[in-house]
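Below is one structure, written out as structure tokens; comments come after it.
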Amino acid sequence: MKLNSAHTHSNLKAMFHLLGISSAGAILSVDLDLGIDLGFSTKSPTASPSSMPSSSPTVTPNFFDQVPNKCDGKAIKLDNVVCINAGPQAGANVTKGFEGLLDVDVVPNTKKFQDTPMCPVNVHWHLGSEHYSVGEYDENGNGPNGNAELPYRRGLADEEGGEVQDGFRCHLYDATDARFTTPYDWKHCIGMEVGETYEVHWPHSAAGACGTLDQYQTPFKDGVFCNLDETTLGLLSAQDIANAVGVQGQVFTIINDDFYYYPDMIDGWIVDETLGYGQDIAIYTGSTTGSSVNNDSCSAYSPITWQVDRKCHLISASSFDKLCFDMKNKKDDMTDDLSANGSRELVKPEFVANNQQSRHVLEETEDESDFDVDGRGNIRGGGRGL
């Protein structure tokens, strides 16, 4: 993303009012208070079929159908760029102790997103994980369809055969446990599979239609740029963008067990101190992801803040189906996000920002250097290196 750092006083004042930023140089502080009630049910493990409604409520003409979608078509088109000329990229290695090799002078937004002017403008997910966390989601994980190859050496899937490029798997799948192998009767999500690993993304933006019926958008860039035109974008500094646009990322393995049911996945990631959800967070600046970018052709949508849960978690199939049900009931048509997207190949260290930070709730005093990181940004130790 090519940015113009020359700001006039009036443009800055209007821009900061729009994005809710107090000053261009503000560095937002870490807030460790993350706990919310997860609200899991206490049902015993089950492999029962979906109890979700068979379809969304019958659509009848109403007042809101007559109101235009103010975010429709607002996405700003930026072509991919050669990686050596691009800003910092995602998804990266988020293992504790890893640091990218790309020198940047931008810092990520380390506040909880709900404590900023940003709001979630979309939710979507990728097959396998795009990020990489040693011992959590990496090349040694497993699932019903195997795993991705070693980092940086994966080939493309045969998209002509209807497949999407996959990412890494978690270590939670157990082929001997029926909860990971019993099919689920999906009513709303498309092409999902019990036992598989998915990385869920919640894009956030201070320029979204926050608090309105147009807040959630597909494609997500319509939501990100809803109240931001290309002229204003050109006036923003890299730091302004990192402060005002971010993504929450959380990795799950789907289990057919309603003990792991969570009813509200659409509004942001799951945070629960007791169960360890959203407690060990890697924070850095990167880019948009997906299988349309790689280590040769990089995303121009950079830098944006990424906050990624380093741990993999179990989530019930019914939770995902409830998420898809909620997506169907948004004003904008989110059908294209009801199935998994392809995953980007792991970003090489030379294209990853050297500003990775951490937020630890349960282990605030834990040593950040659990793994030895060599001069290429690769992790060594315990036989689990890249």
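Residues in the structure tokens are numbered from 1 in each chain, the chains being A, B, ... in the order shown, and ligands are numbered from 1 in the order shown.
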Alpha helix (DSSP H) call set, DSSP backbone run, range 266-333 of chain A, as a list of chain:residue names
A:Ala317, A:Ser318, A:Ser319, A:Phe320, A:Asp321, A:Lys322, A:Leu323, A:Cys324, A:Phe325, A:Asp326, A:Met327, A:Lys328
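Shell of Ser358 in chain A at 8 Å, with only C-alpha atoms counted and residues fewer than 3 places along the chain excluded, is Asp280, Ile281, Ala282 and Ile283 of chain A.
Minimum distance to Asn93 in chain A across A:Asp166, A:Asp333, A:Glu136, A:Asp240 (counting only C-alpha atoms) occurs at A:Glu136.
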Quick one: residues within 7 Å of range 227-233 of chain A, only C-alpha atoms counted, chain neighbours fewer than 4 positions away excluded, as an NGL selection string?
:A and (76 or 207-208)
Between CA of Cys298 in chain A and CA of Asn354 in chain A, what is the distance, to one decimal in Å?
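These two atoms are separated by 17.3 Å.
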Closest atom pairs, range 285-340 of chain A residues within 7 Å of range 84-90 of chain A, only C-alpha atoms, as CSV:
```
residue,atom,partner,partner_atom,distance
A:Thr285,CA,A:Pro88,CA,6.6
A:Gly286,CA,A:Gln89,CA,4.2
A:Ser287,CA,A:Gln89,CA,4.7
A:Thr288,CA,A:Ala90,CA,6.5
A:Thr289,CA,A:Ala90,CA,6.0
A:Cys298,CA,A:Ala86,CA,6.4
A:Ala300,CA,A:Ala86,CA,6.3
A:Ser302,CA,A:Gly87,CA,5.5
A:Pro303,CA,A:Pro88,CA,6.2
```
Tell me, as a list in words, which residues lie within 7 Å of Tyr260 in chain A, counting only C-alpha atoms; anything in the same chain fewer than 3 positions away does not count.
Phe40, Asp257, Leu314, Ile315 and Ser316 of chain A
Might you pull out every residue within 10 Å of Gly135 in chain A, with only C-alpha atoms counted and same-chain residues fewer than 6 positions away left off, and present them as an MDAnalysis selection string?
chainID A and resid 95 141 170:171 310:312 384
Which is closer to Phe351 in chain A than all the others in A:Gly73, A:Phe259, A:Glu99, A:Asp326, using only C-alpha atoms?
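Of all the options, A:Glu99 lies closest to Phe351 in chain A.
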